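A.B. asks: My structure is stored as upload_28.txt, with compact mmCIF, C-alpha atoms.
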# COMPACT_ATOMS: atom_id res chain seq x y z
CA MET A 43 -278.98 131.52 23.74
CA ILE A 44 -275.54 131.79 25.33
CA THR A 45 -273.66 134.72 23.77
CA THR A 46 -269.90 135.15 23.50
CA ASN A 47 -270.12 138.67 24.97
CA LEU A 48 -271.49 137.34 28.26
CA ILE A 49 -268.75 134.69 28.41
CA LYS A 50 -266.05 137.28 27.62
CA ARG A 51 -267.36 139.53 30.38
CA GLU A 52 -267.26 136.65 32.84
CA ILE A 53 -263.63 135.90 31.91
CA LEU A 54 -262.37 139.48 31.90
CA LYS A 55 -263.91 140.50 35.24
CA ASP A 56 -262.14 137.68 37.13
CA LYS A 57 -259.86 139.11 39.82
CA SER A 58 -258.16 135.87 40.84
CA TYR A 59 -255.61 135.65 38.03
CA LYS A 60 -252.80 136.94 40.28
CA ALA A 61 -252.95 133.72 42.28
CA MET A 62 -252.53 131.82 39.00
CA VAL A 63 -249.16 133.55 38.46
CA PHE A 64 -248.00 132.33 41.90
CA LEU A 65 -249.02 128.74 41.04
CA LEU A 66 -247.14 128.88 37.74
CA LEU A 67 -244.02 130.14 39.54
CA ILE A 68 -244.17 127.09 41.83
CA PHE A 69 -244.64 124.83 38.80
CA SER A 70 -241.71 126.50 37.03
CA PHE A 71 -239.50 125.71 40.04
CA ILE A 72 -240.61 122.03 39.95
CA ILE A 73 -239.81 121.85 36.21
CA GLY A 74 -236.32 123.22 36.86
CA THR A 75 -235.80 120.67 39.64
CA ASN A 76 -236.81 117.72 37.44
CA LEU A 77 -235.09 118.88 34.24
CA PRO A 78 -231.58 117.47 35.09
CA GLN A 79 -233.10 113.99 35.47
CA ALA A 80 -234.94 114.37 32.16
CA ILE A 81 -231.65 115.30 30.47
CA HIS A 82 -229.86 112.38 32.13
CA TYR A 83 -232.47 109.89 30.90
CA ASN A 84 -232.51 111.38 27.37
CA MET A 85 -236.18 112.41 27.43
CA SER A 86 -237.74 114.30 24.53
CA VAL A 87 -239.63 117.56 25.14
CA ALA A 88 -242.97 115.78 24.61
CA GLU A 89 -241.97 113.08 27.14
CA PHE A 90 -241.03 115.69 29.71
CA VAL A 91 -244.29 117.60 29.14
CA LEU A 92 -246.26 114.40 29.75
CA TYR A 93 -244.23 113.44 32.81
CA SER A 94 -244.52 116.94 34.34
CA LEU A 95 -248.28 117.20 33.71
CA ALA A 96 -248.80 113.80 35.34
CA ASN A 97 -246.72 114.66 38.44
CA HIS A 98 -249.21 113.59 41.10
CA ASN A 99 -247.36 115.32 43.96
CA TYR A 100 -247.69 118.66 42.18
CA LEU A 101 -251.28 117.92 41.17
CA ILE A 102 -252.25 117.27 44.80
CA TYR A 103 -250.12 119.78 46.74
CA GLY A 104 -250.03 122.52 44.12
CA TYR A 105 -252.72 122.40 41.45
CA PHE A 106 -255.51 120.92 43.60
CA PHE A 107 -255.11 123.34 46.51
CA PHE A 108 -254.93 126.24 44.06
CA ILE A 109 -258.11 125.39 42.16
CA ILE A 110 -260.01 125.03 45.45
CA MET A 111 -259.21 128.71 46.11
CA PHE A 112 -259.64 129.67 42.45
CA ILE A 113 -263.08 128.04 42.25
CA THR A 114 -264.19 129.61 45.55
CA SER A 115 -263.16 133.05 44.30
CA ASN A 116 -265.11 132.57 41.06
CA ILE A 117 -268.21 131.20 42.79
CA LYS A 118 -268.35 134.16 45.16
CA ASN A 119 -267.85 136.55 42.27
CA THR A 120 -271.51 136.26 41.28
CA SER A 121 -273.31 139.23 39.75
CA ASP A 122 -276.90 139.62 40.95
CA ILE A 123 -277.44 142.26 38.27
CA GLU A 124 -276.41 139.81 35.51
CA LEU A 125 -278.66 137.14 37.01
CA VAL A 126 -281.66 139.48 37.11
CA ARG A 127 -280.94 140.72 33.58
CA MET A 128 -280.91 137.15 32.21
CA SER A 129 -283.85 136.09 34.44
CA ASN A 130 -282.72 132.48 34.08
CA LYS A 131 -280.45 130.91 36.67
CA ASN A 132 -279.69 127.87 34.48
CA HIS A 133 -278.58 130.21 31.71
CA TYR A 134 -276.30 132.11 34.08
CA ASN A 135 -274.84 128.87 35.49
CA ALA A 136 -274.07 127.66 31.97
CA ILE A 137 -272.24 130.91 31.17
CA LYS A 138 -270.20 130.64 34.37
CA PHE A 139 -269.43 127.00 33.56
CA ILE A 140 -268.24 127.73 30.00
CA ALA A 141 -266.14 130.65 31.27
CA MET A 142 -264.54 128.37 33.88
CA GLY A 143 -263.86 125.82 31.16
CA ILE A 144 -261.95 128.47 29.19
CA LYS A 145 -260.03 129.58 32.31
CA PHE A 146 -259.01 126.02 33.19
CA GLY A 147 -258.04 125.42 29.55
CA ILE A 148 -255.80 128.51 29.59
CA LEU A 149 -254.26 127.41 32.90
CA ILE A 150 -253.39 123.95 31.57
CA LEU A 151 -252.00 125.39 28.32
CA LEU A 152 -249.81 127.76 30.34
CA HIS A 153 -248.45 124.74 32.24
CA ILE A 154 -247.56 123.07 28.93
CA ALA A 155 -246.01 126.28 27.58
CA LEU A 156 -243.81 126.65 30.68
CA ILE A 157 -242.51 123.09 30.33
CA VAL A 158 -241.74 123.58 26.62
CA ILE A 159 -239.98 126.93 27.19
CA GLN A 160 -237.78 125.62 30.03
CA SER A 161 -236.88 122.31 28.40
CA SER A 162 -236.68 123.12 24.68
CA GLY A 163 -233.03 124.14 24.83
CA HIS A 164 -232.00 120.95 26.63
CA LEU A 165 -234.17 118.15 25.21
CA THR A 166 -234.92 116.84 21.71
CA TRP A 167 -238.13 117.61 19.81
CA GLN A 168 -239.05 114.07 18.75
CA LEU A 169 -242.65 113.01 19.34
CA VAL A 170 -241.56 109.59 20.55
CA PHE A 171 -240.59 107.95 23.82
CA ASN A 172 -236.82 108.51 23.77
CA GLY A 173 -235.71 108.15 27.34
CA GLN A 174 -235.77 105.38 29.87
CA SER A 175 -238.37 105.67 32.61
CA TYR A 176 -236.75 106.41 35.95
CA ASP A 177 -239.72 105.72 38.27
CA PHE A 178 -243.14 104.03 38.41
CA LEU A 179 -244.95 107.04 36.93
CA GLY A 180 -242.68 107.24 33.89
CA GLU A 181 -242.95 103.50 33.30
CA ALA A 182 -246.75 103.57 33.59
CA LEU A 183 -247.04 106.45 31.11
CA TYR A 184 -244.62 104.76 28.71
CA ASN A 185 -246.76 101.60 28.70
CA ALA A 186 -250.07 103.50 28.46
CA PHE A 187 -249.54 105.52 25.29
CA ALA A 188 -248.20 104.88 21.81
CA ASN A 189 -246.41 108.24 21.88
CA PRO A 190 -246.01 111.10 24.38
CA ALA A 191 -248.05 113.57 22.27
CA THR A 192 -251.14 111.36 22.62
CA GLY A 193 -250.45 111.12 26.33
CA VAL A 194 -250.23 114.90 26.73
CA VAL A 195 -253.61 115.38 25.04
CA ILE A 196 -255.39 112.72 27.11
CA VAL A 197 -253.82 113.69 30.46
CA SER A 198 -254.60 117.38 29.78
CA LEU A 199 -258.22 116.67 28.81
CA TYR A 200 -258.74 114.51 31.89
CA LEU A 201 -257.25 117.19 34.16
CA TRP A 202 -259.48 119.80 32.49
CA LEU A 203 -262.64 117.71 32.89
CA GLY A 204 -261.79 116.93 36.52
CA SER A 205 -261.26 120.62 37.30
CA LEU A 206 -264.66 121.45 35.81
CA PHE A 207 -266.31 118.60 37.72
CA LEU A 208 -264.89 119.90 41.01
CA TYR A 209 -266.16 123.38 40.11
CA GLN A 210 -269.67 121.99 39.51
CA ILE A 211 -269.75 120.22 42.88
CA MET A 212 -268.54 123.27 44.78
CA ALA A 213 -270.84 125.66 42.88
CA TYR A 214 -273.85 123.43 43.57
CA ILE A 215 -273.11 123.28 47.31
CA TYR A 216 -272.48 127.04 47.49
CA ASN A 217 -275.76 127.87 45.74
CA LYS A 218 -277.92 125.35 47.61
CA PHE A 219 -276.63 125.56 51.18
CA SER A 220 -275.24 128.01 53.73
CA SER A 221 -271.66 129.27 53.86
CA GLY A 222 -271.02 127.00 56.85
CA VAL A 223 -272.02 123.93 54.85
CA TYR A 224 -269.84 125.14 51.97
CA LEU A 225 -266.76 125.48 54.21
CA THR A 226 -267.48 122.03 55.68
CA SER A 227 -267.73 120.57 52.17
CA ILE A 228 -264.30 122.03 51.29
CA GLY A 229 -262.89 120.32 54.37
CA ILE A 230 -264.48 117.01 53.33
CA ILE A 231 -263.13 117.37 49.77
CA LEU A 232 -259.62 118.00 51.09
CA LEU A 233 -259.78 115.13 53.60
CA THR A 234 -261.13 112.56 51.12
CA THR A 235 -258.57 113.63 48.52
CA MET A 236 -255.64 113.26 50.91
CA PHE A 237 -257.03 110.03 52.36
CA GLY A 238 -257.42 108.57 48.87
CA PHE A 239 -253.96 109.77 47.88
CA TYR A 240 -252.23 108.07 50.83
CA THR A 241 -254.28 104.85 50.97
CA SER A 242 -255.62 102.26 48.53
CA VAL A 243 -259.28 102.70 49.58
CA ASP A 244 -259.89 104.81 46.47
CA GLU A 245 -258.93 101.88 44.21
CA SER A 246 -262.28 100.10 44.52
CA ILE A 247 -265.92 100.80 43.64
CA LEU A 248 -265.60 103.67 46.16
CA ALA A 249 -263.34 105.44 43.65
CA ILE A 250 -266.19 107.77 42.63
CA PHE A 251 -266.14 109.39 46.10
CA PHE A 252 -262.47 110.46 45.97
CA PRO A 253 -261.78 113.75 44.12
CA ASN A 254 -258.16 112.80 43.32
CA ASN A 255 -259.45 110.15 40.89
CA TYR A 256 -261.19 112.83 38.85
CA PHE A 257 -258.08 114.73 37.78
CA ILE A 258 -255.09 112.36 38.14
CA PHE A 259 -255.43 110.37 34.93
CA HIS A 260 -252.81 107.68 35.51
CA HIS A 261 -254.28 106.77 38.89
CA ALA A 262 -257.84 106.51 37.57
CA CYS A 263 -257.00 104.58 34.40
CA LEU A 264 -253.76 102.72 35.11
CA VAL A 265 -254.08 101.94 38.82
CA ILE A 266 -257.80 101.54 39.49
CA GLY A 267 -258.54 100.08 36.07
CA LYS A 268 -260.18 101.05 32.79
CA PHE A 269 -263.72 100.11 33.90
CA MET A 270 -263.74 102.54 36.83
CA TYR A 271 -261.95 105.13 34.68
CA GLU A 272 -264.79 104.97 32.16
CA ILE A 273 -267.34 105.33 34.98
CA LEU A 274 -265.53 108.42 36.28
CA LEU A 275 -265.27 109.84 32.76
CA LEU A 276 -268.96 109.21 32.14
CA ILE A 277 -269.88 111.03 35.38
CA MET A 278 -267.80 114.07 34.41
CA LEU A 279 -269.10 114.24 30.84
CA THR A 280 -272.73 113.75 31.91
CA THR A 281 -272.69 116.50 34.56
CA SER A 282 -270.99 118.89 32.12
CA ALA A 283 -273.56 118.16 29.40
CA ILE A 284 -276.46 118.66 31.83
CA THR A 285 -275.10 122.03 33.01
CA ILE A 286 -274.75 123.33 29.45
CA LEU A 287 -277.98 121.87 28.04
CA LYS A 288 -280.04 123.25 30.93
CA GLY A 289 -278.69 126.70 30.16
CA ILE A 290 -279.22 126.92 26.41
CA ASN A 291 -282.31 127.14 24.26
CA LEU A 292 -282.16 123.64 22.79
CA SER A 293 -284.50 123.51 19.78
CA LEU A 294 -284.75 120.42 17.58
CA SER A 295 -285.36 122.63 14.56
CA LYS A 296 -281.92 124.24 14.91
CA THR A 297 -278.40 122.87 14.57
CA TYR A 298 -278.90 120.39 17.40
CA SER A 299 -281.22 118.25 15.27
CA SER A 300 -278.09 116.44 14.07
CA LEU A 301 -277.34 115.35 17.64
CA PHE A 302 -279.76 112.43 17.30
CA ILE A 303 -277.82 111.01 14.33
CA VAL A 304 -274.48 111.29 16.10
CA ILE A 305 -275.87 109.47 19.15
CA ILE A 306 -277.22 106.63 16.97
CA LEU A 307 -273.92 106.22 15.11
CA LEU A 308 -271.94 106.44 18.36
CA LEU A 309 -274.08 103.68 19.89
CA ASN A 310 -273.57 101.63 16.74
CA ALA A 311 -269.79 102.05 17.08
CA ILE A 312 -269.85 101.07 20.77
CA ILE A 313 -272.01 97.97 20.12
CA ASN A 314 -269.67 96.83 17.32
CA ASN A 315 -266.55 97.73 19.34
CA TYR A 316 -265.28 100.01 16.57
CA SER A 317 -262.13 102.09 16.93
CA VAL A 318 -262.27 105.89 16.72
CA ALA A 319 -261.18 105.80 13.06
CA ASP A 320 -263.97 103.33 12.26
CA TYR A 321 -266.51 105.49 14.13
CA LEU A 322 -265.52 108.47 11.96
CA PHE A 323 -265.63 106.30 8.86
CA ILE A 324 -269.22 105.06 9.36
CA HIS A 325 -270.37 108.67 8.99
CA PHE A 326 -269.15 108.54 5.37
CA LYS A 327 -269.34 104.86 4.47
CA GLY A 328 -272.92 104.89 3.16
CA PHE A 329 -274.54 101.71 1.85
CA SER A 330 -273.87 99.27 -0.94
CA LYS A 331 -276.50 98.74 -3.67
CA THR A 332 -275.04 95.38 -4.67
CA ASN A 333 -274.42 93.88 -1.21
CA PHE A 334 -277.45 95.44 0.43
CA ASP A 335 -277.50 95.85 4.21
CA LEU A 336 -280.58 97.39 5.87
CA VAL A 337 -278.65 98.81 8.85
CA GLU A 338 -276.20 100.55 6.51
CA LEU A 339 -279.11 102.03 4.54
CA LEU A 340 -280.87 103.31 7.67
CA LEU A 341 -277.69 104.88 9.06
CA PHE A 342 -277.03 106.50 5.69
CA ALA A 343 -280.61 107.82 5.34
CA LEU A 344 -280.67 109.35 8.85
CA LEU A 345 -278.44 112.25 7.80
CA TYR A 346 -281.01 113.27 5.15
CA PHE A 347 -284.19 112.11 6.86
CA ILE A 348 -284.19 114.48 9.87
CA PRO A 349 -283.74 117.83 8.05
CA MET A 350 -286.26 116.83 5.36
CA PHE A 351 -288.74 115.80 8.05
CA LEU A 352 -288.35 119.17 9.82
CA ILE A 353 -288.70 121.08 6.56
CA SER A 354 -291.79 119.07 5.62
CA SER A 355 -293.28 119.81 9.04
CA PHE A 356 -292.69 123.51 8.46
CA ILE A 357 -294.36 123.30 5.03
CA ASP A 358 -297.34 121.58 6.64
CA LYS A 359 -297.63 124.41 9.13
CA GLU A 360 -297.39 126.88 6.27
CA ARG A 361 -300.13 125.08 4.36
CA ASP A 362 -302.42 125.18 7.40
CA SER A 363 -302.01 128.99 7.48
CA LYS A 364 -300.36 129.01 10.89
CA ASN A 365 -297.89 131.66 9.70
CA ASP A 366 -300.43 134.21 8.43
CA LEU A 367 -299.59 136.74 11.14
CA MET A 368 -295.93 136.62 10.16
CA LYS A 369 -296.76 137.27 6.50
CA PHE A 370 -298.23 140.69 7.31
CA ARG A 371 -294.75 141.93 8.22
CA TYR A 372 -293.46 141.29 4.68
CA LYS A 373 -296.26 143.01 2.71
CA SER A 374 -296.41 140.38 -0.04
CA VAL A 375 -296.34 136.61 -0.47
CA ALA A 376 -293.31 136.94 -2.79
CA ASN A 377 -291.27 138.68 -0.09
CA TRP A 378 -292.36 136.08 2.44
CA ASN A 379 -291.30 133.24 0.12
CA LYS A 380 -287.87 134.83 -0.35
CA VAL A 381 -287.41 135.03 3.42
CA ILE A 382 -288.49 131.40 3.83
CA GLU A 383 -286.07 130.27 1.09
CA LYS A 384 -283.19 132.03 2.86
CA LYS A 385 -284.25 130.51 6.18
CA MET A 386 -284.33 127.01 4.68
CA ASN A 387 -280.89 127.39 3.10
CA LEU A 388 -279.52 128.75 6.40
CA PHE A 389 -281.10 125.85 8.28
CA LEU A 390 -279.44 123.30 5.97
CA ALA A 391 -276.06 125.02 6.41
CA GLN A 392 -276.49 125.14 10.22
CA TYR A 393 -277.54 121.51 10.24
CA LEU A 394 -274.44 120.36 8.31
CA LEU A 395 -272.02 122.52 10.32
CA GLY A 396 -273.62 121.34 13.55
CA TYR A 397 -273.36 117.74 12.38
CA ILE A 398 -269.65 118.13 11.55
CA ALA A 399 -268.93 119.80 14.90
CA LEU A 400 -270.79 117.07 16.79
CA VAL A 401 -268.97 114.31 14.90
CA ILE A 402 -265.59 115.84 15.78
CA ALA A 403 -266.57 116.41 19.42
CA SER A 404 -268.04 112.92 19.83
CA SER A 405 -264.96 111.31 18.21
CA LEU A 406 -262.72 113.08 20.75
CA ILE A 407 -264.93 111.84 23.60
CA TYR A 408 -264.96 108.34 22.10
CA TRP A 409 -261.16 108.49 21.88
CA LEU A 410 -260.97 109.23 25.61
CA PHE A 411 -262.81 105.96 26.20
CA LYS A 412 -261.10 103.79 23.58
CA PHE A 413 -257.56 105.20 23.06
CA ASP A 414 -257.75 103.26 19.80
CA VAL A 415 -257.11 104.88 16.42
CA SER A 416 -256.32 101.61 14.63
CA SER A 417 -258.92 100.60 12.09
CA SER A 418 -260.49 97.49 10.66
CA LEU A 419 -263.05 99.07 8.31
CA VAL A 420 -260.89 101.87 6.94
CA THR A 421 -258.02 99.50 6.11
CA PHE A 422 -260.14 96.52 5.04
CA LEU A 423 -262.18 98.20 2.29
CA PRO A 424 -259.30 99.65 0.21
CA GLU A 425 -257.50 96.29 0.49
CA TYR A 426 -260.67 94.44 -0.51
CA PHE A 427 -261.18 96.67 -3.57
CA ASN A 428 -257.39 96.83 -4.24
CA ILE A 429 -257.28 100.65 -4.14
CA PRO A 430 -254.04 102.57 -3.35
CA HIS A 431 -254.03 104.90 -0.32
CA ILE A 432 -253.98 108.10 -2.38
CA SER A 433 -257.02 106.98 -4.37
CA TRP A 434 -258.74 105.97 -1.15
CA GLY A 435 -258.21 109.52 0.19
CA ILE A 436 -259.73 110.91 -3.01
CA VAL A 437 -262.79 108.68 -2.53
CA ILE A 438 -263.33 109.98 1.01
CA GLY A 439 -262.90 113.56 -0.25
CA ILE A 440 -265.52 113.08 -2.98
CA VAL A 441 -267.98 111.67 -0.44
CA CYS A 442 -267.44 114.68 1.85
CA VAL A 443 -268.27 117.05 -1.03
CA ALA A 444 -271.16 114.94 -2.39
CA LYS A 445 -273.11 114.69 0.88
CA PRO A 446 -273.97 118.41 1.29
CA LEU A 447 -274.73 118.66 -2.45
CA GLU A 448 -277.10 115.70 -2.26
CA LEU A 449 -278.80 117.14 0.81
CA TYR A 450 -279.53 120.36 -1.09
CA ILE A 451 -280.70 118.42 -4.18
CA LEU A 452 -283.05 116.39 -1.99
CA TYR A 453 -284.41 119.64 -0.50
CA VAL A 454 -285.06 121.07 -3.99
CA LEU A 455 -286.72 117.81 -5.08
CA ASN A 456 -288.90 117.74 -1.99
CA LYS A 457 -289.93 121.37 -2.52
CA LEU A 458 -290.76 120.72 -6.20
CA LEU A 459 -292.87 117.64 -5.39
CA ASN A 460 -294.72 119.65 -2.74
CA LYS A 461 -295.74 122.19 -5.33
CA LEU A 462 -296.84 119.46 -7.77
CA THR A 463 -298.72 117.20 -5.35
CA ASN A 464 -299.75 119.71 -2.68
CA ASN A 465 -299.23 116.81 -0.24
CA THR A 466 -296.37 116.85 2.25
CA ILE A 467 -296.42 113.13 3.06
CA VAL A 468 -296.43 112.05 -0.58
CA SER A 469 -293.68 114.48 -1.56
CA PHE A 470 -291.57 113.42 1.43
CA LEU A 471 -291.83 109.69 0.65
CA VAL A 472 -291.51 110.02 -3.13
CA SER A 473 -288.45 112.28 -2.86
CA PHE A 474 -286.68 109.59 -0.83
CA LEU A 475 -287.79 106.82 -3.19
CA ILE A 476 -286.24 108.78 -6.07
CA PHE A 477 -283.18 109.92 -4.13
CA LEU A 478 -281.91 106.71 -2.49
CA PRO A 479 -281.41 104.64 -5.69
CA LEU A 480 -279.65 107.58 -7.39
CA SER A 481 -277.50 108.66 -4.43
CA VAL A 482 -273.74 108.54 -4.99
CA SER A 483 -272.47 109.99 -1.66
CA SER A 484 -271.38 106.57 -0.49
CA VAL A 485 -267.89 105.06 -0.44
CA TYR A 486 -269.25 101.93 -2.15
CA GLN A 487 -270.83 103.87 -5.02
CA ILE A 488 -267.77 106.10 -5.62
CA VAL A 489 -265.39 103.10 -5.58
CA ARG A 490 -267.52 101.12 -8.04
CA PHE A 491 -267.92 104.12 -10.34
CA LEU A 492 -264.22 105.09 -10.42
CA TYR A 493 -262.29 101.85 -9.96
CA LEU A 494 -264.46 98.81 -10.71
Could you spell out this file's structure in structure tokens?

C.D. replies:
Amino acid sequence: MITTNLIKREILKDKSYKAMVFLLLIFSFIIGTNLPQAIHYNMSVAEFVLYSLANHNYLIYGYFFFIIMFITSNIKNTSDIELVRMSNKNHYNAIKFIAMGIKFGILILLHIALIVIQSSGHLTWQLVFNGQSYDFLGEALYNAFANPATGVVIVSLYLWLGSLFLYQIMAYIYNKFSSGVYLTSIGIILLTTMFGFYTSVDESILAIFFPNNYFIFHHACLVIGKFMYEILLLIMLTTSAITILKGINLSLSKTYSSLFIVIILLLNAIINNYSVADYLFIHFKGFSKTNFDLVELLLFALLYFIPMFLISSFIDKERDSKNDLMKFRYKSVANWNKVIEKKMNLFLAQYLLGYIALVIASSLIYWLFKFDVSSSLVTFLPEYFNIPHISWGIVIGIVCVAKPLELYILYVLNKLLNKLTNNTIVSFLVSFLIFLPLSVSSVYQIVRFLYL
């Protein structure tokens, strides 16, 4: 597994931070140059942060040229000793990638901090679009986002993903080919970026071949169009996921078992064109016993089905005496059973925490595609049942508490039936037949119990 100590070591041993200070000084000068215009047009701090982060001239002539050098320095700073010690190149690449993600994140946050520090004494603190746009960029950003805070988050995330994507391309070329090929590739990257920046060739299906489209958000989304923007975003997210997943010990029996559920629910949201709020809501909605819907039932049952299936598989292995060698280490069956009980409880906790983390992460990714936090489901149901907003929040809170409790109750029930029947399949099926009709961790059930 990837450990935090290895990532910390990779971050702390970087010797190229001095160049970062020089870049930030240049950026600070640009902020000071643009600040009088921001004051004149009555911009808020959040507006000015968004406008400054989206400054394509700085992104091309400052940020882009810097990260080419920054990435090269980090790629060359490879430890053969670390690679031999880990004996897994994919593992080492994943550590380098995560460390670069943290470095780029710090760099972008420092940019935001500089803007806030220099403008906070001159501009207002409202999280709204206050000022009038004084050029095409400002007008495009104003029309793209509901508020500047949302814009800052999206533009920053896109810049961060693009920086990581460029790192992956350069690292791959450096590791696979000679230094001459690597230097040639840098020349090609620079030429295609500048060519795309000065022409409109990069505003077609060829957009994927121009690096500037991978970190200048407003050009990718607002100029080329949302379809190509989503293609570019998908490329960046896919390559990042592949780099990390190749480098970690991905075991279905660990936290990542909940990944399957998140993927299914995400696909369901995409097919039904749900907003981000609705996507989050379907994780808690559950199913109705009065207006029965099979899809709702299956989506609800998935959260409980996978961990119970894995636990039942483990019990089967235990029954077939495949763990006899392990039992010798614990001297008695009682000690072994205590260890197993702790392991099962830990697994359930890891599963739930992993599920929550994946839901949050996937909702952020979904937001990057949709930019839509309005809701049809979340607003329709309380209106349909005539429930005030405060009560609706209480319902959601009860569901959030009830789900982990029900998962543990189902585990206990399954374990008890296993002891009684000595049959994993029967206990697995019967526990669900008992559990589903009695389950209350559904918005429908809580609403009907409390308010109808």

A.B. asks: Between A:Val401, A:Asp358, A:Pro446, A:Ile140, which residue has the minimum interatomic distance to A:Asn460, considering all atoms listed in the file?

C.D. replies: A:Asp358

A.B. asks: When you count only C-alpha atoms, which of these residues is closest to A:Leu199: A:Leu339, A:Leu54, A:Leu410, A:Ile306?

C.D. replies: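 Looking at the shortest contact to A:Leu199, the residue is A:Leu410.
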
A.B. asks: For A:Ser433, list every protein, DNA or RNA residue within 10 Å, evaluated using all atoms listed in the file, and leave out those in the same chain fewer than 3 positions away; present the list as a list of chain:residue names.

C.D. replies: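 So the residues in contact are A:Pro424, A:Ile429, A:Pro430, A:Ile436, A:Val437, A:Ile438, A:Gly439, A:Val489, A:Leu492, A:Tyr493.
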
A.B. asks: So how far away is atom CA of A:Ala311 from atom CA of A:Pro190, in Å?

C.D. replies: 26.5 Å

A.B. asks: Show me, as a ChimeraX atom specification, the residues that have an atom within 10 Å of A:Ile49 when counting all atoms listed in the file, minus same-chain residues fewer than 6 positions from it.

C.D. replies: /A:134,136-142,144

A.B. asks: Within 9 Å of stretch 247-260 of chain A, which residues of stretch 178-230 of chain A show up? Give each one with its shortest atom-to-atom distance in Å (one decimal) and the two atoms involved, counting only C-alpha atoms, rows by chain then rising residue number, as a tab-separated table.

C.D. replies:
residue	atom	partner	partner_atom	distance
A:Leu179	CA	A:His260	CA	8.0
A:Ala182	CA	A:His260	CA	7.6
A:Leu183	CA	A:His260	CA	7.4
A:Ala186	CA	A:His260	CA	8.6
A:Ile196	CA	A:Phe259	CA	8.2
A:Val197	CA	A:Phe259	CA	5.8
A:Ser198	CA	A:Phe259	CA	8.7
A:Tyr200	CA	A:Phe257	CA	5.9
A:Leu201	CA	A:Phe257	CA	4.5
A:Trp202	CA	A:Phe257	CA	7.5
A:Leu203	CA	A:Phe257	CA	7.3
A:Gly204	CA	A:Phe257	CA	4.5
A:Ser205	CA	A:Phe257	CA	6.7
A:Phe207	CA	A:Tyr256	CA	7.8
A:Leu208	CA	A:Pro253	CA	7.6

A.B. asks: Rounded to one decimal in Å, what is the spacing between atom CA of A:Cys263 and atom CA of A:Thr421?

C.D. replies: 28.8 Å

A.B. asks: Quick one: pull the distance between atom CA of A:Leu95 and atom CA of A:Val194, Å, one decimal.

C.D. replies: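 It comes out at 7.6 Å.
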
A.B. asks: Hey, which of A:Gly229, A:Pro78, A:Gly328, A:Gly396 ends up closest to A:Val441? Count all atoms listed in the file.

C.D. replies: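 Result for the nearest residue to A:Val441: A:Gly328.
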
A.B. asks: Given all atoms listed in the file as the basis, pick out the residue of A:Ile117, A:Leu66, A:Ala80, A:Leu165 nearest to A:Ile215.

C.D. replies: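 Going through A:Ile117, A:Leu66, A:Ala80, A:Leu165 one by one, the smallest distance to A:Ile215 is for A:Ile117.
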